file query-v9.tsv (TSV, C-alpha atoms)
chain	number	residue	atom	x	y	z
Q	614	MET	CA	15.82	-32.88	-1.45
Q	615	ASN	CA	14.76	-29.30	-0.72
Q	616	LEU	CA	11.81	-30.10	1.62
Q	617	ARG	CA	10.03	-26.88	0.67
Q	618	ILE	CA	6.83	-26.67	-1.35
Q	619	ASN	CA	5.87	-23.46	-3.16
Q	620	SER	CA	2.56	-24.64	-4.64
Q	621	GLU	CA	-0.23	-27.17	-4.21
Q	622	TYR	CA	-0.20	-28.21	-7.87
Q	623	GLY	CA	3.40	-28.32	-9.17
Q	624	THR	CA	4.15	-31.64	-10.82
Q	625	LEU	CA	4.67	-34.21	-8.09
Q	626	ARG	CA	8.19	-35.59	-7.66
Q	627	ALA	CA	8.07	-37.33	-4.27
Q	628	VAL	CA	5.34	-38.10	-1.76
Q	629	LEU	CA	5.07	-39.81	1.62
Q	630	MET	CA	2.29	-42.35	2.25
Q	631	HIS	CA	1.49	-45.05	4.78
Q	632	ARG	CA	-0.02	-48.36	3.68
Q	633	PRO	CA	-2.69	-49.25	6.26
Q	634	GLY	CA	-1.72	-52.19	8.44
Q	635	LYS	CA	-2.59	-54.04	11.61
Q	636	GLU	CA	-3.54	-50.77	13.32
Q	637	ILE	CA	-6.78	-50.81	11.30
Q	638	ASP	CA	-7.64	-54.28	12.57
Q	639	ARG	CA	-7.42	-52.88	16.11
Q	640	LEU	CA	-10.64	-50.95	15.48
Q	641	THR	CA	-13.84	-52.40	16.95
Q	642	PRO	CA	-17.38	-51.02	17.26
Q	643	TYR	CA	-16.54	-50.33	20.90
Q	644	ASN	CA	-13.24	-48.46	20.60
Q	645	LYS	CA	-13.62	-46.73	17.22
Q	646	GLU	CA	-14.73	-43.42	18.70
Q	647	PHE	CA	-11.85	-43.41	21.19
Q	648	LEU	CA	-9.50	-44.08	18.27
Q	649	LEU	CA	-11.17	-41.23	16.28
Q	650	PHE	CA	-12.93	-43.38	13.67
Q	651	GLU	CA	-16.59	-43.41	12.77
Q	652	ASP	CA	-16.58	-46.84	11.12
Q	653	VAL	CA	-14.71	-50.14	11.12
Q	654	PRO	CA	-12.98	-50.61	7.73
Q	655	TYR	CA	-12.15	-53.99	6.16
Q	656	LEU	CA	-8.35	-54.05	6.17
Q	657	GLU	CA	-7.65	-56.25	3.15
Q	658	ALA	CA	-9.91	-54.20	0.87
Q	659	LEU	CA	-8.51	-50.99	2.37
Q	660	GLN	CA	-4.98	-52.13	1.50
Q	661	GLN	CA	-6.02	-53.03	-2.06
Q	662	GLU	CA	-7.52	-49.57	-2.56
Q	663	HIS	CA	-4.48	-47.88	-1.04
Q	664	ASP	CA	-2.14	-49.93	-3.25
Q	665	ALA	CA	-4.17	-48.84	-6.27
Q	666	PHE	CA	-3.75	-45.24	-5.14
Q	667	SER	CA	0.04	-45.41	-4.67
Q	668	ASN	CA	0.50	-47.36	-7.92
Q	669	LEU	CA	-1.54	-44.76	-9.80
Q	670	ILE	CA	0.69	-41.98	-8.46
Q	671	LYS	CA	3.78	-43.82	-9.68
Q	672	SER	CA	2.40	-44.61	-13.11
Q	673	ALA	CA	0.85	-41.18	-13.70
Q	674	THR	CA	3.77	-39.05	-12.50
Q	675	GLY	CA	6.89	-41.20	-12.10
Q	676	ALA	CA	7.14	-39.74	-8.60
Q	677	THR	CA	8.93	-41.52	-5.78
Q	678	VAL	CA	6.45	-42.87	-3.22
Q	679	PHE	CA	8.11	-43.16	0.18
Q	680	GLN	CA	6.41	-45.56	2.58
Q	681	LEU	CA	6.42	-44.55	6.23
Q	682	ARG	CA	7.12	-48.04	7.56
Q	683	GLU	CA	10.32	-48.38	5.51
Q	684	LEU	CA	11.57	-44.95	6.59
Q	685	LEU	CA	10.69	-45.68	10.21
Q	686	ILE	CA	12.59	-48.97	10.30
Q	687	ARG	CA	15.66	-47.21	8.89
Q	688	VAL	CA	15.79	-44.59	11.66
Q	689	LEU	CA	14.96	-47.14	14.39
Q	690	TYR	CA	18.30	-48.83	13.84
Q	691	ASP	CA	19.47	-45.99	16.06
Q	692	GLN	CA	18.76	-47.80	19.33
Q	693	GLU	CA	18.63	-44.60	21.36
Q	694	LEU	CA	15.84	-43.25	19.15
Q	695	LEU	CA	14.01	-46.57	19.30
Q	696	LEU	CA	14.10	-46.72	23.08
Q	697	LYS	CA	12.91	-43.13	23.37
Q	698	LEU	CA	9.93	-43.70	21.07
Q	699	ILE	CA	8.94	-46.85	22.97
Q	700	SER	CA	9.24	-45.04	26.31
Q	701	ASP	CA	7.15	-42.12	25.06
Q	702	SER	CA	4.53	-44.54	23.73
Q	703	LEU	CA	4.17	-46.18	27.16
Q	704	LYS	CA	3.40	-42.93	28.97
Q	705	ARG	CA	-0.37	-43.25	28.55
Q	706	SER	CA	-0.47	-46.68	30.21
Q	707	GLY	CA	1.95	-45.51	32.93
Q	708	LEU	CA	4.31	-48.43	32.30
Q	709	ILE	CA	7.41	-46.69	30.99
Q	710	HIS	CA	9.55	-49.10	33.00
Q	711	LEU	CA	8.63	-51.79	30.42
Q	712	ALA	CA	10.42	-49.96	27.61
Q	713	GLU	CA	13.69	-51.86	28.07
Q	714	GLU	CA	11.84	-55.19	28.20
Q	715	ILE	CA	10.06	-54.48	24.90
Q	716	PHE	CA	13.26	-53.15	23.34
Q	717	GLU	CA	15.15	-56.33	24.22
Q	718	ARG	CA	12.50	-58.82	23.08
Q	719	TYR	CA	11.44	-57.48	19.68
Q	720	SER	CA	13.34	-56.88	16.46
Q	721	THR	CA	13.61	-53.41	14.92
Q	722	ALA	CA	10.93	-54.24	12.33
Q	723	GLU	CA	8.65	-55.64	15.05
Q	724	CYS	CA	9.14	-52.46	17.08
Q	725	ALA	CA	8.15	-50.40	14.06
Q	726	GLY	CA	4.96	-52.44	13.92
Q	727	ILE	CA	4.33	-51.90	17.63
Q	728	LEU	CA	4.79	-48.14	17.29
Q	729	THR	CA	2.14	-48.00	14.56
Q	730	ALA	CA	-0.22	-50.85	15.47
Q	731	GLY	CA	0.15	-50.86	19.24
Q	732	LEU	CA	0.78	-53.67	21.72
Q	733	LYS	CA	-1.65	-55.48	24.02
Q	734	VAL	CA	-0.92	-57.00	27.42
Q	735	HIS	CA	-1.59	-60.59	26.32
Q	736	GLU	CA	0.62	-60.15	23.23
Q	737	PHE	CA	3.59	-59.00	25.27
Q	738	ARG	CA	3.03	-61.75	27.83
Q	739	ARG	CA	3.95	-64.30	25.15
Q	740	LYS	CA	7.42	-62.76	25.04
Q	741	TYR	CA	7.56	-61.85	28.73
Q	742	PRO	CA	5.63	-64.42	30.84
Q	743	ASN	CA	6.48	-62.65	34.11
Q	744	LEU	CA	4.86	-59.40	32.95
Q	745	ASP	CA	3.28	-57.34	35.71
Q	746	ALA	CA	0.76	-55.12	33.93
Q	747	GLY	CA	-0.69	-53.62	37.08
Q	748	GLU	CA	-4.45	-53.17	36.80
Q	749	LEU	CA	-4.58	-53.52	33.01
Q	750	LEU	CA	-6.69	-56.36	31.64
Q	751	GLU	CA	-5.20	-58.91	29.23
Q	752	TYR	CA	-6.70	-57.30	26.14
Q	753	ALA	CA	-5.87	-53.75	27.15
Q	754	PHE	CA	-3.29	-51.75	25.20
Q	755	LEU	CA	0.15	-51.21	26.66
Q	756	ILE	CA	0.72	-49.03	23.59
Q	757	SER	CA	-2.28	-47.69	21.68
Q	758	PRO	CA	-2.50	-48.13	17.88
Q	759	CYS	CA	-2.47	-45.29	15.32
Q	760	PRO	CA	-5.28	-46.18	12.89
Q	761	ASN	CA	-5.35	-42.62	11.47
Q	762	LEU	CA	-1.76	-42.94	10.31
Q	763	TYR	CA	-2.73	-43.48	6.67
Q	764	PHE	CA	-3.81	-39.82	6.66
Q	765	GLN	CA	-0.25	-38.58	6.18
Q	766	ARG	CA	-1.23	-34.97	5.50
Q	767	ASP	CA	-1.93	-34.17	9.16
Q	768	PRO	CA	1.31	-34.87	11.10
Q	769	MET	CA	3.32	-32.15	9.32
Q	770	ALA	CA	3.19	-29.60	6.48
Q	771	LEU	CA	5.75	-28.38	3.97
Q	772	THR	CA	5.64	-24.69	3.08
Q	773	PRO	CA	7.76	-22.32	0.96
Q	774	GLY	CA	9.71	-21.44	4.13
Q	775	GLY	CA	10.20	-24.85	5.72
Q	776	ILE	CA	8.39	-27.51	7.74
Q	777	ILE	CA	5.57	-27.10	10.23
Q	778	PHE	CA	5.71	-30.12	12.54
Q	779	SER	CA	2.22	-30.73	13.85
Q	780	SER	CA	1.14	-30.78	17.45
Q	781	MET	CA	-1.96	-32.91	17.14
Q	782	LYS	CA	-5.13	-31.82	18.90
Q	783	MET	CA	-6.25	-35.29	19.91
Q	784	GLU	CA	-3.96	-37.17	22.26
Q	785	GLY	CA	-4.59	-40.36	20.31
Q	786	ARG	CA	-2.87	-38.86	17.25
Q	787	GLN	CA	0.10	-37.10	18.87
Q	788	ARG	CA	2.36	-40.11	18.39
Q	789	GLU	CA	1.83	-39.83	14.63
Q	790	ALA	CA	3.46	-36.40	14.68
Q	791	ASP	CA	6.27	-37.73	16.89
Q	792	LEU	CA	6.99	-40.52	14.38
Q	793	LEU	CA	7.09	-38.14	11.41
Q	794	ARG	CA	9.34	-35.66	13.16
Q	795	THR	CA	11.69	-38.43	14.26
Q	796	ILE	CA	11.93	-39.70	10.68
Q	797	PHE	CA	12.59	-36.35	9.04
Q	798	GLU	CA	15.10	-35.16	11.62
Q	799	ASN	CA	17.09	-38.39	11.55
Q	800	HIS	CA	16.73	-40.19	8.21
Q	801	PRO	CA	19.82	-39.65	6.00
Q	802	GLU	CA	17.58	-38.81	3.02
Q	803	PHE	CA	16.02	-35.83	4.80
Q	804	LYS	CA	17.83	-34.73	7.96
Q	805	ASP	CA	20.21	-32.25	6.31
Q	806	HIS	CA	17.34	-30.47	4.53
Q	807	VAL	CA	14.96	-29.84	7.45
Q	808	LYS	CA	14.18	-26.18	8.14
Q	809	PRO	CA	11.75	-26.27	11.12
Q	810	ILE	CA	9.23	-23.43	11.25
Q	811	TYR	CA	7.03	-24.75	14.08
Q	812	PRO	CA	7.23	-25.44	16.96
Q	813	SER	CA	9.85	-22.82	17.77
Q	814	VAL	CA	13.01	-23.76	19.68
Q	815	GLY	CA	12.35	-24.28	23.38
Q	816	MET	CA	8.57	-24.41	23.02
Q	817	THR	CA	7.10	-27.03	25.37
Q	818	ASN	CA	3.51	-28.26	24.97
Q	819	PRO	CA	3.02	-26.26	21.76
Q	820	PRO	CA	-0.55	-25.28	20.84
Q	821	SER	CA	-2.18	-27.67	18.39
Q	822	ILE	CA	-1.82	-27.37	14.65
Q	823	GLU	CA	-2.44	-30.03	11.98
Q	824	GLY	CA	-1.15	-30.28	8.43
Q	825	GLY	CA	-4.59	-30.53	6.84
Q	826	ASP	CA	-5.16	-26.92	7.88
Q	827	VAL	CA	-2.14	-25.63	5.93
Q	828	ILE	CA	-2.54	-24.65	2.27
Q	829	VAL	CA	0.11	-22.94	0.15
Q	830	LEU	CA	-1.61	-20.16	-1.81
Q	831	SER	CA	1.53	-19.01	-3.61
Q	832	HIS	CA	5.29	-18.81	-3.06
Q	833	GLU	CA	4.60	-15.74	-0.89
Q	834	ALA	CA	1.34	-16.66	0.89
Q	835	VAL	CA	0.10	-19.48	3.12
Q	836	ALA	CA	-3.40	-20.03	4.53
Q	837	ILE	CA	-3.91	-21.83	7.86
Q	838	GLY	CA	-7.32	-22.90	9.09
Q	839	ASN	CA	-8.37	-22.00	12.63
Q	840	SER	CA	-10.41	-25.16	13.08
Q	841	GLU	CA	-11.41	-27.65	15.74
Q	842	ARG	CA	-7.92	-29.16	15.33
Q	843	THR	CA	-5.75	-26.01	14.94
Q	844	ASP	CA	-5.57	-23.27	17.60
Q	845	GLU	CA	-5.19	-19.54	17.08
Q	846	LYS	CA	-2.01	-19.43	19.20
Q	847	ALA	CA	-0.40	-22.07	16.99
Q	848	ILE	CA	-1.23	-20.07	13.87
Q	849	TYR	CA	0.34	-16.97	15.44
Q	850	HIS	CA	3.60	-18.78	16.21
Q	851	ALA	CA	3.65	-20.56	12.83
Q	852	ALA	CA	3.08	-17.22	11.10
Q	853	LYS	CA	5.89	-15.71	13.13
Q	854	GLY	CA	8.25	-18.46	12.06
Q	855	LEU	CA	7.26	-18.26	8.41
Q	856	LEU	CA	7.46	-14.47	8.20
Q	857	ALA	CA	10.80	-14.38	10.06
Q	858	GLU	CA	12.27	-16.92	7.61
Q	859	GLY	CA	11.59	-14.39	4.88
Q	860	THR	CA	10.17	-16.35	1.94
Q	861	VAL	CA	6.51	-16.02	2.91
Q	862	LYS	CA	5.12	-12.48	3.06
Q	863	ARG	CA	1.53	-13.15	4.15
Q	864	VAL	CA	-0.07	-15.78	6.39
Q	865	TYR	CA	-3.87	-15.92	6.42
Q	866	GLU	CA	-5.81	-17.27	9.40
Q	867	VAL	CA	-9.12	-18.70	8.18
Q	868	HIS	CA	-11.73	-19.19	10.90
Q	869	LEU	CA	-13.73	-22.38	10.36
Q	870	PRO	CA	-16.83	-23.38	12.34
Q	871	SER	CA	-16.43	-26.62	14.29
Q	872	ARG	CA	-18.20	-29.14	12.08
Q	873	ARG	CA	-17.16	-32.70	11.30
Q	874	ASN	CA	-17.65	-32.46	7.53
Q	875	TYR	CA	-15.05	-29.71	7.22
Q	876	MET	CA	-12.65	-30.53	9.99
Q	877	HIS	CA	-9.60	-29.03	8.22
Q	878	LEU	CA	-9.13	-26.21	5.74
Q	879	ASP	CA	-8.34	-28.68	2.94
Q	880	THR	CA	-11.91	-29.99	3.12
Q	881	VAL	CA	-13.13	-26.45	2.35
Q	882	PHE	CA	-11.03	-25.87	-0.78
Q	883	THR	CA	-8.07	-27.21	-2.71
Q	884	ILE	CA	-5.94	-25.52	-5.37
Q	885	LEU	CA	-5.68	-27.40	-8.67
Q	886	ASP	CA	-3.80	-24.96	-10.89
Q	887	GLU	CA	-2.43	-21.43	-10.85
Q	888	ASN	CA	-5.96	-20.07	-11.35
Q	889	LEU	CA	-8.36	-22.88	-10.37
Q	890	VAL	CA	-9.79	-23.72	-6.96
Q	891	LEU	CA	-12.23	-26.49	-6.02
Q	892	THR	CA	-14.51	-25.56	-3.11
Q	893	TYR	CA	-17.35	-26.88	-0.98
Q	894	PRO	CA	-19.85	-24.00	-1.15
Q	895	ASP	CA	-21.50	-24.48	2.26
Q	896	ALA	CA	-18.12	-24.40	3.98
Q	897	MET	CA	-16.92	-21.36	2.03
Q	898	ASN	CA	-20.09	-19.51	3.00
Q	899	ALA	CA	-19.59	-20.49	6.64
Q	900	VAL	CA	-16.20	-18.73	6.84
Q	901	LEU	CA	-17.12	-15.47	8.52
Q	902	LYS	CA	-13.68	-14.20	9.51
Q	903	THR	CA	-10.22	-14.12	7.96
Q	904	SER	CA	-7.12	-12.43	9.35
Q	905	CYS	CA	-3.77	-11.64	7.74
Q	906	TYR	CA	-0.37	-11.72	9.46
Q	907	THR	CA	2.52	-9.71	8.03
Q	908	LEU	CA	6.02	-8.92	9.28
Q	909	LYS	CA	6.32	-5.74	11.33
Q	910	GLU	CA	10.00	-5.77	12.26
Q	911	VAL	CA	12.89	-7.97	13.30
Q	912	ASP	CA	14.84	-6.65	16.27
Q	913	GLY	CA	17.76	-8.98	16.89
Q	914	ASP	CA	16.30	-12.27	18.03
Q	915	LYS	CA	12.85	-10.76	18.48
Q	916	VAL	CA	10.31	-10.96	15.67
Q	917	HIS	CA	7.27	-8.69	15.68
Q	918	ILE	CA	4.32	-9.39	13.40
Q	919	ARG	CA	1.12	-7.52	12.62
Q	920	ARG	CA	-2.37	-9.09	12.55
Q	921	GLU	CA	-5.17	-7.47	10.56
Q	922	VAL	CA	-8.75	-8.73	10.64
Q	923	LEU	CA	-10.00	-8.54	7.07
Q	924	LYS	CA	-13.49	-7.28	6.36
Q	925	GLU	CA	-13.86	-9.38	3.24
Q	926	SER	CA	-14.78	-12.93	2.27
Q	927	LEU	CA	-12.35	-15.79	1.87
Q	928	LEU	CA	-13.14	-15.83	-1.84
Q	929	THR	CA	-12.04	-12.19	-2.06
Q	930	VAL	CA	-8.76	-13.11	-0.37
Q	931	LEU	CA	-8.23	-16.01	-2.79
Q	932	ASP	CA	-9.09	-13.78	-5.74
Q	933	ARG	CA	-6.40	-11.32	-4.65
Q	934	GLU	CA	-3.74	-14.01	-4.12
Q	935	ILE	CA	-4.66	-16.03	-7.22
Q	936	PRO	CA	-4.93	-13.85	-10.36
Q	937	HIS	CA	-7.80	-14.63	-12.77
Q	938	LEU	CA	-9.30	-17.03	-10.23
Q	939	GLU	CA	-11.79	-19.66	-11.37
Q	940	VAL	CA	-13.88	-21.31	-8.66
Q	941	LEU	CA	-15.53	-24.69	-9.13
Q	942	ALA	CA	-18.04	-25.97	-6.57
Q	943	THR	CA	-18.24	-29.65	-5.65
Q	944	ALA	CA	-20.92	-31.43	-7.71
Q	945	ASP	CA	-21.02	-28.24	-9.82
Q	946	GLY	CA	-23.02	-26.56	-7.06
Q	947	ASN	CA	-25.94	-29.01	-6.90
Q	948	PRO	CA	-26.81	-28.72	-3.18
Q	949	ASP	CA	-27.92	-32.33	-2.66
Q	950	TYR	CA	-25.05	-33.97	-4.50
Q	951	SER	CA	-22.55	-31.46	-3.12
Q	952	MET	CA	-23.58	-32.26	0.46
Q	953	ARG	CA	-23.47	-35.99	-0.20
Q	954	GLU	CA	-20.07	-35.94	-1.91
Q	955	GLN	CA	-18.58	-33.61	0.68
Q	956	TRP	CA	-19.22	-36.33	3.28
Q	957	PHE	CA	-16.73	-38.34	1.23
Q	958	ASP	CA	-14.34	-35.39	0.82
Q	959	GLY	CA	-15.36	-34.23	-2.65
Q	960	ALA	CA	-13.27	-31.06	-2.30
Q	961	ASN	CA	-10.26	-32.97	-0.99
Q	962	VAL	CA	-8.71	-34.13	-4.27
Q	963	PHE	CA	-4.95	-34.59	-4.67
Q	964	ALA	CA	-3.28	-32.47	-7.34
Q	965	ILE	CA	-0.40	-34.35	-9.00
Q	966	GLY	CA	0.25	-31.60	-11.55
Q	967	PRO	CA	-1.45	-28.53	-13.02
Q	968	ARG	CA	-5.10	-29.51	-13.67
Q	969	ARG	CA	-4.30	-33.16	-12.94
Q	970	VAL	CA	-5.98	-34.65	-9.88
Q	971	ILE	CA	-6.69	-37.94	-8.17
Q	972	SER	CA	-10.21	-38.23	-6.80
Q	973	TYR	CA	-12.48	-40.86	-5.24
Q	974	ASN	CA	-14.48	-42.68	-7.92
Q	975	ARG	CA	-17.65	-42.36	-5.81
Q	976	ASN	CA	-17.74	-38.55	-6.21
Q	977	ILE	CA	-19.11	-38.81	-9.74
Q	978	HIS	CA	-20.77	-35.39	-9.94
Q	979	THR	CA	-17.69	-33.52	-8.74
Q	980	ASN	CA	-15.46	-35.53	-11.07
Q	981	ARG	CA	-17.72	-34.74	-14.02
Q	982	ALA	CA	-17.65	-31.02	-13.16
Q	983	LEU	CA	-13.86	-31.12	-12.95
Q	984	ARG	CA	-13.57	-32.74	-16.38
Q	985	ASN	CA	-15.89	-30.14	-17.82
Q	986	MET	CA	-13.38	-27.53	-16.60
Q	987	GLY	CA	-10.58	-29.25	-18.47
Q	988	VAL	CA	-9.15	-31.06	-15.45
Q	989	GLU	CA	-7.71	-34.55	-15.94
Q	990	VAL	CA	-9.34	-36.66	-13.24
Q	991	LEU	CA	-7.78	-40.00	-12.29
Q	992	GLU	CA	-10.08	-42.06	-10.08
Q	993	ILE	CA	-9.31	-44.49	-7.28
Q	994	PRO	CA	-11.61	-47.04	-5.60
Q	995	SER	CA	-13.01	-45.70	-2.36
Q	996	SER	CA	-15.43	-48.06	-0.66
Q	997	GLU	CA	-13.07	-48.62	2.30
Q	998	LEU	CA	-10.63	-45.69	2.09
Q	999	SER	CA	-13.48	-43.23	2.50
Q	1000	ARG	CA	-14.67	-44.79	5.77
Q	1001	GLY	CA	-11.98	-42.85	7.62
Q	1002	LEU	CA	-13.59	-39.62	6.36
Q	1003	GLY	CA	-10.52	-38.29	4.57
Q	1004	GLY	CA	-9.81	-37.81	0.88
Q	1005	PRO	CA	-6.85	-38.35	-1.47
Q	1006	ARG	CA	-5.15	-35.14	-0.31
Q	1007	CYS	CA	-5.48	-36.26	3.30
Q	1008	MET	CA	-3.61	-39.49	2.54
Q	1009	THR	CA	-0.58	-37.89	0.91
Q	1010	MET	CA	2.30	-35.72	2.10
Q	1011	PRO	CA	4.09	-34.22	-0.94
Q	1012	ILE	CA	7.75	-33.72	-0.10
Q	1013	SER	CA	8.90	-32.57	-3.53
Q	1014	ARG	CA	7.11	-30.77	-6.36
Q	1015	ALA	CA	8.34	-28.98	-9.45
Q	1016	ARG	CA	8.66	-25.27	-8.68
Q	1017	VAL	CA	6.14	-22.99	-10.34
call {"tool": "encode", "arguments": {"input": "query-v9.tsv", "output": "C-alpha cells"}}
result
Amino acid sequence: MNLRINSEYGTLRAVLMHRPGKEIDRLTPYNKEFLLFEDVPYLEALQQEHDAFSNLIKSATGATVFQLRELLIRVLYDQELLLKLISDSLKRSGLIHLAEEIFERYSTAECAGILTAGLKVHEFRRKYPNLDAGELLEYAFLISPCPNLYFQRDPMALTPGGIIFSSMKMEGRQREADLLRTIFENHPEFKDHVKPIYPSVGMTNPPSIEGGDVIVLSHEAVAIGNSERTDEKAIYHAAKGLLAEGTVKRVYEVHLPSRRNYMHLDTVFTILDENLVLTYPDAMNAVLKTSCYTLKEVDGDKVHIRREVLKESLLTVLDREIPHLEVLATADGNPDYSMREQWFDGANVFAIGPRRVISYNRNIHTNRALRNMGVEVLEIPSSELSRGLGGPRCMTMPISRARV
C-alpha cells in the first residue's frame, strides 16, 4: 500500500475508521466540555449510524474499511509498545508507576479498550485491590478517554509526498495522534510504506497541526489551514518537508478566523471532482489572507523555502490550481439554510469517487444542490453522529485512492 494520496476524489480503495465505543459513554453533562464535546450522544444509536456509514462505503465502492481497534490490538501484541503507550497515557494523572500493574492485569484487547475508552480508579481497584491512587477520587480517570476518536481525519493526513502525523492542539486529543502513529509505524500492513513528512526527525514538542486542515488540491499542491487547531510554525515545517520530498511544488497556508463552525479547513471547502468544489460561503469570505510556500534551494541537509503572501482571494487560488473550476455553495447559497446546515458540516462531505459523495441526510438543501450539479449523493443517518460537530469527511481517513 503506497500511503500517498494525490487527490481528494479518486475512487476510494481503502479507508480507516473507528467505530465509537465505550469512550462515548464516558461523556457526561459535566465533563463534555473538558473532553471537547458540546453534547452527550446516545452510544447505541451512534454505533448504528456509524455502522450504516461504513457499510455504505463497502457496498458503494468495494473499498477495504480498516477499523482502528483491530489494527491497534495487532500492534499491541508487541509488549514493549503496549507498555510505552500505557505509561504515556498515565502521565496526566501522574501515576506512571502503575503502568506495569495495568499491563500485567489486563489482556491485550482489554488494554486496547483502556487506551481508547480510559480507565477509572474504581475500575482498576477491582483488579488491584491494594491500589494507591493518591488524591484521586474513586470515579476519577487514571487514563482519560478519547471520545473524539471516531473523527479519524484529524490525527494524521496523507499527501502526495507522504504522511503528516498530527500534533494535536488540545491535550485531550494528543493520545489519538500517538495511537495512529504507533499503528502506522508498526503494523505489518503499513510500516514499510510510511514516508513521514511531519514532524521532522529530532523535533520535540512539535507545533500543532491537525489532519482536518490538510487538503490535497492536486498532485503538485496542498492547502493547509492556519486555524485555531493548526499553528503557522507547523505549516512552515510541514511545507518544508513536503517541498524537500519533491512531489509537491506548492503549499498554501490559508488563514482562518477562530470560529467553532469552521474549526478546520475541510469545513470551509471540500473537493468533489477535478473541477468541482463545495464551499461554505461565509467561511470563504472570511479568509482574508493566503500565503504560498515554494522551494528555494536544497543545500546538503539544509532546505530553504520561500513564503509569498498572496494579494488575492482563496477562490482565485483555487481557480488557478483547479482548471475550469465550478464552485457550489452549501444550500445553494441560501443564507439561512446554509448557516443551519453548516452547523452540521454541510460542506464536509466525503468524496468516494469523482462526483460521488456521502453526506448527512439532514443537510437536505445542500444535498439537493449537489444532485442538481450532477453529483451522486449517498446519504447516511445523522441524528447522533452530528452531535460531535464533524461531518463524513471528518470521520474517515482515506489511505488508498485510485490515482488521477
call {"tool": "residues_around", "arguments": {"input": "query-v9.tsv", "residues": "Q:Pro967", "least_positions_apart": "5", "cutoff": "8 Å", "atoms": "all atoms listed in the file", "output": "list in words"}}
result
Tyr622, Gly623, Thr624, Leu885, Asp886 and Glu887 of chain Q
call {"tool": "residues_around", "arguments": {"input": "query-v9.tsv", "residues": "stretch 899-913 of chain Q", "least_positions_apart": "2", "cutoff": "10 Å", "atoms": "all atoms listed in the file", "output": "PyMOL selection string"}}
result
chain Q and resi 834-839+848-849+852-853+855-857+859+861-870+881+894-897+915-928+930
call {"tool": "atom_distance", "arguments": {"input": "query-v9.tsv", "atom1": "atom CA of Q:Ala627", "atom2": "atom CA of Q:Gly1001"}}
result
24.0 Å
call {"tool": "atom_distance", "arguments": {"input": "query-v9.tsv", "atom1": "atom CA of Q:Arg687", "atom2": "atom CA of Q:Pro809"}}
result
21.4 Å
call {"tool": "atom_distance", "arguments": {"input": "query-v9.tsv", "atom1": "atom CA of Q:Phe647", "atom2": "atom CA of Q:Leu711"}}
result
24.0 Å
call {"tool": "residues_around", "arguments": {"input": "query-v9.tsv", "residues": "stretch 985-988 of chain Q", "least_positions_apart": "6", "cutoff": "10 Å", "atoms": "all atoms listed in the file", "output": "ChimeraX atom specification"}}
result
/Q:885-886,889,939,941,945,967-970,979
call {"tool": "write_last_selection", "arguments": {"input": "query-v9.tsv", "atoms": "C-alpha atoms", "output": "PDB file, in the frame of the given file"}}
result
ATOM      1  CA  LEU Q 885      -5.680 -27.400  -8.670  1.00  0.00           C
ATOM      2  CA  ASP Q 886      -3.800 -24.960 -10.890  1.00  0.00           C
ATOM      3  CA  LEU Q 889      -8.360 -22.880 -10.370  1.00  0.00           C
ATOM      4  CA  GLU Q 939     -11.790 -19.660 -11.370  1.00  0.00           C
ATOM      5  CA  LEU Q 941     -15.530 -24.690  -9.130  1.00  0.00           C
ATOM      6  CA  ASP Q 945     -21.020 -28.240  -9.820  1.00  0.00           C
ATOM      7  CA  PRO Q 967      -1.450 -28.530 -13.020  1.00  0.00           C
ATOM      8  CA  ARG Q 968      -5.100 -29.510 -13.670  1.00  0.00           C
ATOM      9  CA  ARG Q 969      -4.300 -33.160 -12.940  1.00  0.00           C
ATOM     10  CA  VAL Q 970      -5.980 -34.650  -9.880  1.00  0.00           C
ATOM     11  CA  THR Q 979     -17.690 -33.520  -8.740  1.00  0.00           C
TER      12      THR Q 979
END
call {"tool": "residues_near_point", "arguments": {"input": "query-v9.tsv", "point": "(-11.6, -25.8, 18.6)", "cutoff": "10 Å", "atoms": "all atoms listed in the file", "output": "short mmCIF file (atom, residue, chain, number, x, y, z; two decimals) with C-alpha atoms, in the coordinates of the input"}}
result
data_model
loop_
_atom_site.label_atom_id
_atom_site.label_comp_id
_atom_site.auth_asym_id
_atom_site.auth_seq_id
_atom_site.Cartn_x
_atom_site.Cartn_y
_atom_site.Cartn_z
CA LYS Q 782 -5.13 -31.82 18.90
CA SER Q 821 -2.18 -27.67 18.39
CA ASN Q 839 -8.37 -22.00 12.63
CA SER Q 840 -10.41 -25.16 13.08
CA GLU Q 841 -11.41 -27.65 15.74
CA ARG Q 842 -7.92 -29.16 15.33
CA THR Q 843 -5.75 -26.01 14.94
CA ASP Q 844 -5.57 -23.27 17.60
CA GLU Q 845 -5.19 -19.54 17.08
CA LEU Q 869 -13.73 -22.38 10.36
CA PRO Q 870 -16.83 -23.38 12.34
CA SER Q 871 -16.43 -26.62 14.29
CA ARG Q 872 -18.20 -29.14 12.08
CA MET Q 876 -12.65 -30.53 9.99
#
call {"tool": "axis_aligned_box", "arguments": {"input": "query-v9.tsv", "around": "stretch 920-939 of chain Q", "padding_each_side": "3 Å", "output": "JSON"}}
result
{"center_x": -8.6, "center_y": -13.5, "center_z": -0.1, "size_x": 18.4, "size_y": 18.4, "size_z": 31.3}
call {"tool": "closest_atom_pairs", "arguments": {"input": "query-v9.tsv", "of": "stretch 688-790 of chain Q", "to": "stretch 675-682 of chain Q", "cutoff": "9 Å", "atoms": "all atoms listed in the file", "output": "tab-separated table"}}
result
residue	atom	partner	partner_atom	distance
Q:Ala722	CA	Q:Arg682	CA	8.7
Q:Ala725	CA	Q:Arg682	CA	7.0
Q:Gly726	CA	Q:Arg682	CA	8.0
Q:Thr729	CA	Q:Arg682	CA	8.6
Q:Gln765	CA	Q:Leu681	CA	9.0
call {"tool": "closest_residue", "arguments": {"input": "query-v9.tsv", "among": "Q:Leu728, Q:Leu998, Q:Val890, Q:Val734", "to": "Q:His663", "atoms": "only C-alpha atoms"}}
result
Q:Leu998
call {"tool": "closest_residue", "arguments": {"input": "query-v9.tsv", "among": "Q:Pro633, Q:Pro1011, Q:Gly824, Q:Gly1003", "to": "Q:Gln955", "atoms": "only C-alpha atoms"}}
result
Q:Gly1003
call {"tool": "residues_near_point", "arguments": {"input": "query-v9.tsv", "point": "(10.6, -29.5, 7.8)", "cutoff": "7 Å", "atoms": "all atoms listed in the file", "output": "mmCIF file with C-alpha atoms, in the coordinates of the input"}}
result
data_model
loop_
_atom_site.group_PDB
_atom_site.id
_atom_site.type_symbol
_atom_site.label_atom_id
_atom_site.label_comp_id
_atom_site.auth_asym_id
_atom_site.auth_seq_id
_atom_site.Cartn_x
_atom_site.Cartn_y
_atom_site.Cartn_z
ATOM 1 C CA LEU Q 616 11.810 -30.100 1.620
ATOM 2 C CA LEU Q 771 5.750 -28.380 3.970
ATOM 3 C CA GLY Q 775 10.200 -24.850 5.720
ATOM 4 C CA ILE Q 776 8.390 -27.510 7.740
ATOM 5 C CA ILE Q 777 5.570 -27.100 10.230
ATOM 6 C CA PHE Q 778 5.710 -30.120 12.540
ATOM 7 C CA VAL Q 807 14.960 -29.840 7.450
ATOM 8 C CA LYS Q 808 14.180 -26.180 8.140
ATOM 9 C CA PRO Q 809 11.750 -26.270 11.120
#
